[in-house]
Amino acid sequence: MIDYLIVGAGFAGCVLAERIANDLNRQVLIVETRNHIGGNAYDYYNESGILVHKYGAHAFHTNNKKVFDYLSQFTEWNLFQLRVTTNVDGQKLPIPINLDTINGLYGFHYNEEDLKEFWRSVAQPEAELNNSEDVIISKVGSELFEKFYKNYTKKQWDLSPSTMDKSVCSRIPVRTNRDNRYFTDKYQVVPKDGYTKMFEKLIAHPNIHLLLQTDFRDIRESIPFKKLIYTGPIDVYFDHQFGKLPYRSLKFSFETFDREYYQKTAIVNYPNDNDFTRIIEFKRLTGQLHPKTTIAYEYPSADGEPYYPIPRADNFEIYNKYKAEADKLANVWFAGRLGSYRYYNMDQVVDQALTLFESQIKPLYSG
Ligand code: FAD
Ligand code: UDP
C-alpha cells in the first residue's frame, strides 16, 4: 500500500516526495495530470535544440541558504542575474526603476543624491498603503506609476492596481543607485542542465513512483493510500463548495529565429502597448550557446491553466474558508502555490515544503 499519495509533480510535490522517501523510507506515489514532471518550472529542448521553459521564464533567486543548499544536492548551477528592460515612451529602459531609468527617461544627468531629491519631490506619501497603487505612488508619484506600472498591471491581471494587494507591485523595488538587476538576492542561479533534470534527480528513489497524465480525481477511490499531500488548486479539492477561487492564466506563443540573439535582456516588458506583457529570450536565461534563438510572448488570459493566485482581500476570504476545512482533515496536507493560494516564488515553495516535512510529517514517526 502507498504511504503517501502526492498530487502534483511540481516543486512542492517533488520536494516532499524526496524527503518522505529518503528520510522516512516510506512509499510515495506522485500523480500528475500533465505529461511531465516539474510543474510550472518544466523545461525541455525544442525542435531546434534550444532549452525553453514551457510555462514562462524561471529564474531561481533566494536569500534562503537552507533552500539553496537543499536543491544544490540535485543540480549544479549557472550563475544568472536577471535583467529586465521595459518599453516606455518609445525608449527601452531598465526596470526596476533606478538611476539609469530616470536619466534615460527624462534626459537628466542625475547622481544618486539628485535622484533621492527627485524621489522626495515626486513621491506622494499616503497615510495608509492599502493596495498596489498606493505603494508605488507613495514612492515614485503618479506619473511614473502610470508609465511603468498601471497598464502593465491592468494587462496582466485585468484589474486596476488600486484593487490589488500591495504585495503585487511591491515585488518590483524602486532604487536610487544604478543597480539594474531584477533581484538582489544572495543566490541567483539557474540549474546547469535545466530544471527538468533537477526534478528527475529529486525523485530518483526506488520508493517514489510516478503516474503522469493522471488526475487525482480519477484515481482517488481506486488507489489505496494512507496519507495525502495535495498541491493542486485547493478549491478544486473541495469541489468549489465555497465558490471558485480566481486564478490568472497566460498563453505562451513561441517563435524561433535563425539568428543568434533577439533582444538584449532575458525579459523585455511591454507595459503600454501590445496584448502581451513581455517577451522572454531563453538563451539569455540559460546561457546556452546556439546559432538560433527562441523567444516566447506572454499573453495574460482569463482562461487556461491556473498560473497565478490573484492577491486580493476578497479572494483571501474565500481561501480562508477552504483552509479552515483543510485544517479539519486528518492525514491530508495542502502545499504549494495552488494548494496555499499564495503568489509564491520557487524558493518559497521549497521552503514551505521543507518546513511542512520537518514540522508536521517527520514528527509522526519520532518517538
Ligand atoms: P506547480 O508547479 O503549479 O505544480 C503543481 C502541479 O500539480 C502541476 O504540475 C499540476 O499539473 C498538478 N496538478 C494540479 N491538480 C492536479 C490533479 N487534480 N491531479 C494531478 N495533478 C494535479 N518563481 C521563481 O522563483 N522565479 C521565477 O522566475 C518564476 N517565474 C514564473 C513565471 C511564470 C509565468 C509563472 C506562472 C510562475 C513563475 N514562478 C517563478 C513561480 C513558480 O512557477 C512557482 O513558485 C512554482 O513552480 C510552484 O510550484 P508548485 O509545486 O507549488 O506548483
Ligand atoms: N509590474 C509592473 N510593471 C512591470 C513589471 C511588473 O507593473 O514592468 C507589476 C505587475 O503588476 C506584475 C507585478 O508587478 O504582475 C509582479 O511582477 P513580476 O515580474 O514579479 O511578475 P511575475 O514574474 O510573477 O509574472
# chains A, B, ... in the order shown; residues from 1 in each chain; ligands from 1
$ residues_around --residues "range 89-104 of chain A" --least-positions-apart "5" --cutoff "7 Å" --atoms "only C-alpha atoms" --output "VMD selection string"
chain A and resid 84 109 to 110 112 115 172 to 180 182
$ residues_near_ligand --ligand "ligand 2" --cutoff "9 Å" --atoms "only C-alpha atoms and all ligand atoms" --output "mmCIF file with N, CA, C and O atoms, in the first residue's frame"
data_model
loop_
_atom_site.group_PDB
_atom_site.id
_atom_site.type_symbol
_atom_site.label_atom_id
_atom_site.label_comp_id
_atom_site.auth_asym_id
_atom_site.auth_seq_id
_atom_site.Cartn_x
_atom_site.Cartn_y
_atom_site.Cartn_z
ATOM 1 N N GLY A 56 6.910 29.916 -19.103
ATOM 2 C CA GLY A 56 7.440 31.235 -18.770
ATOM 3 C C GLY A 56 8.797 31.169 -18.096
ATOM 4 O O GLY A 56 9.171 30.167 -17.493
ATOM 5 N N ALA A 57 9.525 32.287 -18.197
ATOM 6 C CA ALA A 57 10.913 32.356 -17.715
ATOM 7 C C ALA A 57 10.993 32.073 -16.224
ATOM 8 O O ALA A 57 10.308 32.719 -15.436
ATOM 9 N N HIS A 58 11.842 31.141 -15.840
ATOM 10 C CA HIS A 58 12.036 30.817 -14.428
ATOM 11 C C HIS A 58 13.477 31.088 -13.997
ATOM 12 O O HIS A 58 14.382 30.351 -14.373
ATOM 13 N N VAL A 84 15.935 43.096 -16.722
ATOM 14 C CA VAL A 84 14.706 43.277 -17.483
ATOM 15 C C VAL A 84 14.685 44.694 -18.046
ATOM 16 O O VAL A 84 15.065 45.647 -17.366
ATOM 17 N N THR A 85 14.267 44.789 -19.311
ATOM 18 C CA THR A 85 14.127 46.088 -19.961
ATOM 19 C C THR A 85 12.648 46.344 -20.158
ATOM 20 O O THR A 85 11.882 45.414 -20.392
ATOM 21 N N THR A 86 12.236 47.606 -20.074
ATOM 22 C CA THR A 86 10.824 47.896 -20.313
ATOM 23 C C THR A 86 10.693 49.017 -21.339
ATOM 24 O O THR A 86 11.561 49.892 -21.420
ATOM 25 N N ASN A 87 9.645 48.958 -22.138
ATOM 26 C CA ASN A 87 9.423 49.946 -23.200
ATOM 27 C C ASN A 87 8.499 51.051 -22.701
ATOM 28 O O ASN A 87 7.312 50.814 -22.506
ATOM 29 N N ILE A 95 14.248 48.173 -15.753
ATOM 30 C CA ILE A 95 13.315 48.091 -14.628
ATOM 31 C C ILE A 95 13.830 46.987 -13.731
ATOM 32 O O ILE A 95 14.313 45.995 -14.261
ATOM 33 N N PRO A 96 13.832 47.073 -12.397
ATOM 34 C CA PRO A 96 13.317 48.110 -11.516
ATOM 35 C C PRO A 96 13.822 49.512 -11.858
ATOM 36 O O PRO A 96 14.985 49.680 -12.268
ATOM 37 N N SER A 132 -1.819 48.112 -4.299
ATOM 38 C CA SER A 132 -0.630 48.185 -5.151
ATOM 39 C C SER A 132 -0.420 49.577 -5.757
ATOM 40 O O SER A 132 0.711 49.951 -6.063
ATOM 41 N N PHE A 145 4.205 55.951 -11.982
ATOM 42 C CA PHE A 145 3.280 54.832 -11.764
ATOM 43 C C PHE A 145 2.513 54.549 -13.059
ATOM 44 O O PHE A 145 2.394 53.402 -13.494
ATOM 45 N N GLU A 146 2.038 55.604 -13.698
ATOM 46 C CA GLU A 146 1.254 55.387 -14.920
ATOM 47 C C GLU A 146 2.108 54.855 -16.058
ATOM 48 O O GLU A 146 1.681 54.006 -16.815
ATOM 49 N N LYS A 147 3.303 55.314 -16.178
ATOM 50 C CA LYS A 147 4.146 54.868 -17.299
ATOM 51 C C LYS A 147 4.642 53.433 -17.130
ATOM 52 O O LYS A 147 4.752 52.688 -18.091
ATOM 53 N N PHE A 148 4.983 53.044 -15.890
ATOM 54 C CA PHE A 148 5.670 51.761 -15.686
ATOM 55 C C PHE A 148 4.783 50.654 -15.101
ATOM 56 O O PHE A 148 5.048 49.483 -15.323
ATOM 57 N N TYR A 149 3.790 51.040 -14.316
ATOM 58 C CA TYR A 149 3.055 50.020 -13.555
ATOM 59 C C TYR A 149 1.584 49.866 -13.931
ATOM 60 O O TYR A 149 1.055 48.755 -13.972
ATOM 61 N N LYS A 150 0.920 51.000 -14.137
ATOM 62 C CA LYS A 150 -0.543 50.969 -14.201
ATOM 63 C C LYS A 150 -1.064 50.041 -15.311
ATOM 64 O O LYS A 150 -1.875 49.145 -15.069
ATOM 65 N N ASN A 151 -0.558 50.264 -16.526
ATOM 66 C CA ASN A 151 -1.096 49.499 -17.660
ATOM 67 C C ASN A 151 -0.580 48.062 -17.684
ATOM 68 O O ASN A 151 -1.282 47.151 -18.111
ATOM 69 N N TYR A 152 0.657 47.882 -17.233
ATOM 70 C CA TYR A 152 1.182 46.516 -17.154
ATOM 71 C C TYR A 152 0.301 45.690 -16.214
ATOM 72 O O TYR A 152 -0.105 44.564 -16.514
ATOM 73 N N THR A 153 0.003 46.285 -15.067
ATOM 74 C CA THR A 153 -0.787 45.560 -14.067
ATOM 75 C C THR A 153 -2.192 45.283 -14.583
ATOM 76 O O THR A 153 -2.730 44.188 -14.422
ATOM 77 N N LYS A 154 -2.779 46.274 -15.241
ATOM 78 C CA LYS A 154 -4.134 46.096 -15.795
ATOM 79 C C LYS A 154 -4.109 44.950 -16.827
ATOM 80 O O LYS A 154 -4.991 44.093 -16.854
ATOM 81 N N LYS A 155 -3.089 44.954 -17.670
ATOM 82 C CA LYS A 155 -2.996 43.924 -18.707
ATOM 83 C C LYS A 155 -2.766 42.543 -18.076
ATOM 84 O O LYS A 155 -3.395 41.562 -18.439
ATOM 85 N N GLN A 156 -1.864 42.490 -17.108
ATOM 86 C CA GLN A 156 -1.513 41.203 -16.509
ATOM 87 C C GLN A 156 -2.684 40.597 -15.740
ATOM 88 O O GLN A 156 -2.915 39.401 -15.790
ATOM 89 N N TRP A 157 -3.425 41.438 -15.011
ATOM 90 C CA TRP A 157 -4.425 40.884 -14.090
ATOM 91 C C TRP A 157 -5.856 41.211 -14.492
ATOM 92 O O TRP A 157 -6.796 40.710 -13.870
ATOM 93 N N PRO A 161 -4.527 48.346 -10.319
ATOM 94 C CA PRO A 161 -3.634 48.146 -9.174
ATOM 95 C C PRO A 161 -4.256 48.625 -7.863
ATOM 96 O O PRO A 161 -3.889 48.141 -6.790
ATOM 97 N N MET A 164 -5.708 45.730 -5.994
ATOM 98 C CA MET A 164 -4.880 44.538 -5.743
ATOM 99 C C MET A 164 -4.049 44.717 -4.477
ATOM 100 O O MET A 164 -3.625 45.818 -4.152
ATOM 101 N N SER A 167 1.204 43.713 -2.034
ATOM 102 C CA SER A 167 2.345 42.825 -2.253
ATOM 103 C C SER A 167 2.637 42.623 -3.752
ATOM 104 O O SER A 167 3.765 42.290 -4.119
ATOM 105 N N VAL A 168 1.645 42.837 -4.628
ATOM 106 C CA VAL A 168 1.841 42.522 -6.054
ATOM 107 C C VAL A 168 2.868 43.481 -6.668
ATOM 108 O O VAL A 168 3.920 43.062 -7.166
ATOM 109 N N CYS A 169 2.586 44.787 -6.626
ATOM 110 C CA CYS A 169 3.534 45.733 -7.242
ATOM 111 C C CYS A 169 4.770 45.926 -6.371
ATOM 112 O O CYS A 169 5.831 46.326 -6.867
ATOM 113 N N SER A 170 4.662 45.581 -5.081
ATOM 114 C CA SER A 170 5.855 45.697 -4.212
ATOM 115 C C SER A 170 6.923 44.674 -4.584
ATOM 116 O O SER A 170 8.043 44.746 -4.070
ATOM 117 N N ARG A 171 6.571 43.706 -5.422
ATOM 118 C CA ARG A 171 7.596 42.756 -5.873
ATOM 119 C C ARG A 171 8.720 43.476 -6.620
ATOM 120 O O ARG A 171 9.835 42.971 -6.689
ATOM 121 N N ILE A 172 8.387 44.615 -7.233
ATOM 122 C CA ILE A 172 9.389 45.341 -8.026
ATOM 123 C C ILE A 172 9.854 46.544 -7.212
ATOM 124 O O ILE A 172 9.100 47.481 -7.000
ATOM 125 N N TYR A 182 17.121 42.562 -11.555
ATOM 126 C CA TYR A 182 15.711 42.438 -11.144
ATOM 127 C C TYR A 182 15.628 42.043 -9.676
ATOM 128 O O TYR A 182 14.747 42.469 -8.965
ATOM 129 N N VAL A 268 11.962 41.372 -21.856
ATOM 130 C CA VAL A 268 11.638 42.747 -22.233
ATOM 131 C C VAL A 268 10.144 42.947 -22.000
ATOM 132 O O VAL A 268 9.314 42.176 -22.501
ATOM 133 N N ASN A 269 9.807 43.955 -21.197
ATOM 134 C CA ASN A 269 8.399 44.231 -20.856
ATOM 135 C C ASN A 269 7.777 45.243 -21.817
ATOM 136 O O ASN A 269 8.463 46.154 -22.288
ATOM 137 N N TYR A 270 6.488 45.073 -22.035
ATOM 138 C CA TYR A 270 5.716 45.991 -22.885
ATOM 139 C C TYR A 270 4.510 46.476 -22.087
ATOM 140 O O TYR A 270 3.404 45.988 -22.267
ATOM 141 N N PRO A 271 4.726 47.428 -21.174
ATOM 142 C CA PRO A 271 3.624 47.826 -20.293
ATOM 143 C C PRO A 271 2.465 48.500 -21.020
ATOM 144 O O PRO A 271 1.308 48.254 -20.677
ATOM 145 N N THR A 277 2.458 40.994 -22.328
ATOM 146 C CA THR A 277 3.135 41.799 -21.292
ATOM 147 C C THR A 277 4.642 41.805 -21.490
ATOM 148 O O THR A 277 5.308 42.777 -21.165
ATOM 149 N N ARG A 278 5.174 40.646 -21.965
ATOM 150 C CA ARG A 278 6.634 40.592 -22.050
ATOM 151 C C ARG A 278 7.087 39.557 -23.071
ATOM 152 O O ARG A 278 6.335 38.652 -23.425
ATOM 153 N N TYR A 308 -1.524 31.910 -11.704
ATOM 154 C CA TYR A 308 -1.346 32.871 -10.616
ATOM 155 C C TYR A 308 -2.577 32.907 -9.716
ATOM 156 O O TYR A 308 -3.680 33.152 -10.204
ATOM 157 N N TYR A 343 1.007 33.755 -3.902
ATOM 158 C CA TYR A 343 1.844 34.140 -5.049
ATOM 159 C C TYR A 343 3.307 33.854 -4.686
ATOM 160 O O TYR A 343 4.100 34.756 -4.484
ATOM 161 N N TYR A 344 3.617 32.553 -4.551
ATOM 162 C CA TYR A 344 4.944 32.145 -4.104
ATOM 163 C C TYR A 344 5.922 32.032 -5.261
ATOM 164 O O TYR A 344 5.569 31.542 -6.341
ATOM 165 N N ASN A 345 7.173 32.404 -5.004
ATOM 166 C CA ASN A 345 8.268 32.071 -5.912
ATOM 167 C C ASN A 345 8.728 30.650 -5.609
ATOM 168 O O ASN A 345 8.360 30.069 -4.586
#
$ closest_residue --among "A:Lys186, A:Lys201, A:Arg337, A:Lys226" --to "ligand 1" --atoms "only C-alpha atoms and all ligand atoms"
A:Arg337
$ select_by_dssp --residues "range 115-346 of chain A" --states "helix (DSSP H, G or I)" --output "PyMOL selection string"
chain A and resi 115-122+132-157+161-163+166-169+195-202+216-219+234-237+282-286+313-328+336-339+346
$ residues_around --residues "Tyr195 in chain A" --least-positions-apart "3" --cutoff "8 Å" --atoms "only C-alpha atoms" --output "ChimeraX atom specification"
/A:38,41-43,190-191,198-199
$ closest_residue --among "A:Tyr187, A:Ser138, A:Asp3, A:Ile30" --to "Lys166 in chain A" --atoms "only C-alpha atoms"
A:Ser138
$ residues_near_ligand --ligand "ligand 1" --cutoff "8 Å" --atoms "only C-alpha atoms and all ligand atoms" --output "count of residues only"
55
$ residues_around --residues "Ser121 in chain A" --least-positions-apart "6" --cutoff "12 Å" --atoms "only C-alpha atoms" --output "ChimeraX atom specification"
/A:114-115,137-142
$ atom_distance --atom1 "CA of Lys264 in chain A" --atom2 "CA of Gly287 in chain A"
13.0 Å
$ residues_around --residues "range 238-242 of chain A" --least-positions-apart "6" --cutoff "9 Å" --atoms "only C-alpha atoms" --output "tab-separated table (two decimals) with C-alpha atoms, in the first residue's frame"
chain	number	residue	atom	x	y	z
A	318	ILE	CA	-12.69	32.59	0.21
A	319	TYR	CA	-9.34	30.86	0.61
A	321	LYS	CA	-12.84	29.11	4.28
A	322	TYR	CA	-11.11	26.34	2.36
A	325	GLU	CA	-11.88	22.89	6.05
A	326	ALA	CA	-8.39	21.68	5.18
$ closest_residue --among "A:Thr355, A:Asn274, A:Asn315, A:Ser222" --to "Lys244 in chain A" --atoms "only C-alpha atoms"
A:Asn315
$ residues_around --residues "His209 in chain A" --least-positions-apart "2" --cutoff "9 Å" --atoms "only C-alpha atoms" --output "MDAnalysis selection string"
chainID A and resid 27:31 203 205:207 211
$ atom_distance --atom1 "CA of Tyr341 in chain A" --atom2 "CA of Lys197 in chain A"
26.9 Å
$ closest_residue --among "A:Thr256, A:Ser48, A:Asn130, A:Thr75" --to "Thr196 in chain A" --atoms "only C-alpha atoms"
A:Thr75
$ closest_residue --among "A:Phe282, A:Glu117, A:Arg342, A:Ala330" --to "Ile361 in chain A" --atoms "only C-alpha atoms"
A:Ala330
$ closest_residue --among "A:Leu5, A:Gly107, A:Ile280, A:Ser359" --to "Asn331 in chain A" --atoms "only C-alpha atoms"
A:Leu5
$ atom_distance --atom1 "CA of Leu159 in chain A" --atom2 "CA of Ile310 in chain A"
9.7 Å
$ select_by_dssp --residues "range 130-302 of chain A" --states "strand (DSSP E)" --output "PyMOL selection string"
chain A and resi 187-191+208-211+225-230+247-257+267-269+278-281+293-301
$ decode --residues "range 218-247 of chain A" --atoms "N, CA, C and O atoms" --output "compact mmCIF listing (two decimals), in the first residue's frame"
# COMPACT_ATOMS: atom_id res chain seq x y z
N ASP A 218 -9.61 11.12 -10.66
CA ASP A 218 -9.97 9.85 -11.33
C ASP A 218 -9.47 8.62 -10.59
O ASP A 218 -9.90 7.51 -10.88
N ILE A 219 -8.51 8.80 -9.68
CA ILE A 219 -7.92 7.61 -9.04
C ILE A 219 -8.10 7.57 -7.53
O ILE A 219 -7.72 6.62 -6.87
N ARG A 220 -8.70 8.65 -6.97
CA ARG A 220 -8.71 8.73 -5.50
C ARG A 220 -9.46 7.59 -4.85
O ARG A 220 -9.16 7.21 -3.72
N GLU A 221 -10.45 7.03 -5.56
CA GLU A 221 -11.19 5.91 -4.99
C GLU A 221 -10.53 4.56 -5.30
O GLU A 221 -10.75 3.58 -4.61
N SER A 222 -9.74 4.52 -6.37
CA SER A 222 -9.24 3.21 -6.82
C SER A 222 -7.83 2.88 -6.33
O SER A 222 -7.43 1.72 -6.33
N ILE A 223 -7.04 3.90 -5.94
CA ILE A 223 -5.69 3.59 -5.44
C ILE A 223 -5.67 3.81 -3.93
O ILE A 223 -5.82 4.95 -3.47
N PRO A 224 -5.46 2.76 -3.15
CA PRO A 224 -5.45 2.95 -1.70
C PRO A 224 -4.17 3.67 -1.23
O PRO A 224 -3.09 3.40 -1.74
N PHE A 225 -4.34 4.59 -0.32
CA PHE A 225 -3.19 5.30 0.24
C PHE A 225 -3.52 5.66 1.68
O PHE A 225 -4.68 5.75 2.07
N LYS A 226 -2.43 5.87 2.46
CA LYS A 226 -2.65 6.19 3.88
C LYS A 226 -2.76 7.69 4.13
O LYS A 226 -3.55 8.12 4.94
N LYS A 227 -1.92 8.45 3.44
CA LYS A 227 -1.90 9.90 3.69
C LYS A 227 -1.81 10.63 2.35
O LYS A 227 -1.32 10.06 1.37
N LEU A 228 -2.26 11.87 2.37
CA LEU A 228 -2.36 12.62 1.10
C LEU A 228 -1.68 13.98 1.22
O LEU A 228 -1.88 14.70 2.20
N ILE A 229 -0.91 14.31 0.19
CA ILE A 229 -0.38 15.68 0.07
C ILE A 229 -0.88 16.23 -1.25
O ILE A 229 -0.66 15.62 -2.32
N TYR A 230 -1.56 17.35 -1.19
CA TYR A 230 -2.26 17.87 -2.36
C TYR A 230 -1.68 19.24 -2.74
O TYR A 230 -1.71 20.17 -1.92
N THR A 231 -1.13 19.36 -3.95
CA THR A 231 -0.51 20.63 -4.37
C THR A 231 -1.25 21.26 -5.56
O THR A 231 -0.73 22.17 -6.19
N GLY A 232 -2.45 20.77 -5.85
CA GLY A 232 -3.28 21.39 -6.89
C GLY A 232 -4.10 22.53 -6.27
O GLY A 232 -3.92 22.89 -5.10
N PRO A 233 -5.02 23.11 -7.05
CA PRO A 233 -5.83 24.21 -6.53
C PRO A 233 -6.74 23.74 -5.39
O PRO A 233 -7.50 22.77 -5.55
N ILE A 234 -6.68 24.42 -4.26
CA ILE A 234 -7.39 23.95 -3.06
C ILE A 234 -8.91 23.97 -3.26
O ILE A 234 -9.62 23.10 -2.76
N ASP A 235 -9.42 24.93 -4.04
CA ASP A 235 -10.88 24.98 -4.24
C ASP A 235 -11.37 23.80 -5.06
O ASP A 235 -12.50 23.34 -4.89
N VAL A 236 -10.52 23.28 -5.94
CA VAL A 236 -10.91 22.11 -6.75
C VAL A 236 -11.02 20.88 -5.84
O VAL A 236 -11.94 20.07 -5.97
N TYR A 237 -10.09 20.76 -4.89
CA TYR A 237 -10.13 19.62 -3.96
C TYR A 237 -11.49 19.57 -3.26
O TYR A 237 -12.06 18.50 -3.07
N PHE A 238 -12.01 20.74 -2.88
CA PHE A 238 -13.28 20.80 -2.14
C PHE A 238 -14.47 21.03 -3.07
O PHE A 238 -15.51 21.52 -2.63
N ASP A 239 -14.32 20.66 -4.34
CA ASP A 239 -15.40 20.81 -5.33
C ASP A 239 -16.03 22.20 -5.30
O ASP A 239 -17.26 22.34 -5.44
N HIS A 240 -15.22 23.21 -5.10
CA HIS A 240 -15.69 24.61 -5.14
C HIS A 240 -16.83 24.88 -4.17
O HIS A 240 -17.70 25.72 -4.44
N GLN A 241 -16.85 24.19 -3.05
CA GLN A 241 -18.02 24.32 -2.17
C GLN A 241 -18.22 25.72 -1.60
O GLN A 241 -19.34 26.10 -1.29
N PHE A 242 -17.17 26.53 -1.54
CA PHE A 242 -17.33 27.93 -1.10
C PHE A 242 -17.18 28.89 -2.29
O PHE A 242 -16.92 30.07 -2.12
N GLY A 243 -17.30 28.37 -3.49
CA GLY A 243 -17.15 29.20 -4.69
C GLY A 243 -15.76 29.02 -5.30
O GLY A 243 -14.85 28.51 -4.65
N LYS A 244 -15.64 29.44 -6.57
CA LYS A 244 -14.36 29.28 -7.27
C LYS A 244 -13.37 30.33 -6.81
O LYS A 244 -13.72 31.50 -6.70
N LEU A 245 -12.13 29.90 -6.57
CA LEU A 245 -11.07 30.88 -6.34
C LEU A 245 -10.59 31.34 -7.70
O LEU A 245 -10.31 30.50 -8.57
N PRO A 246 -10.46 32.65 -7.93
CA PRO A 246 -9.98 33.09 -9.24
C PRO A 246 -8.47 32.90 -9.40
O PRO A 246 -7.70 33.06 -8.44
N TYR A 247 -8.07 32.55 -10.60
CA TYR A 247 -6.65 32.43 -10.95
C TYR A 247 -6.45 33.20 -12.24
O TYR A 247 -7.37 33.31 -13.05
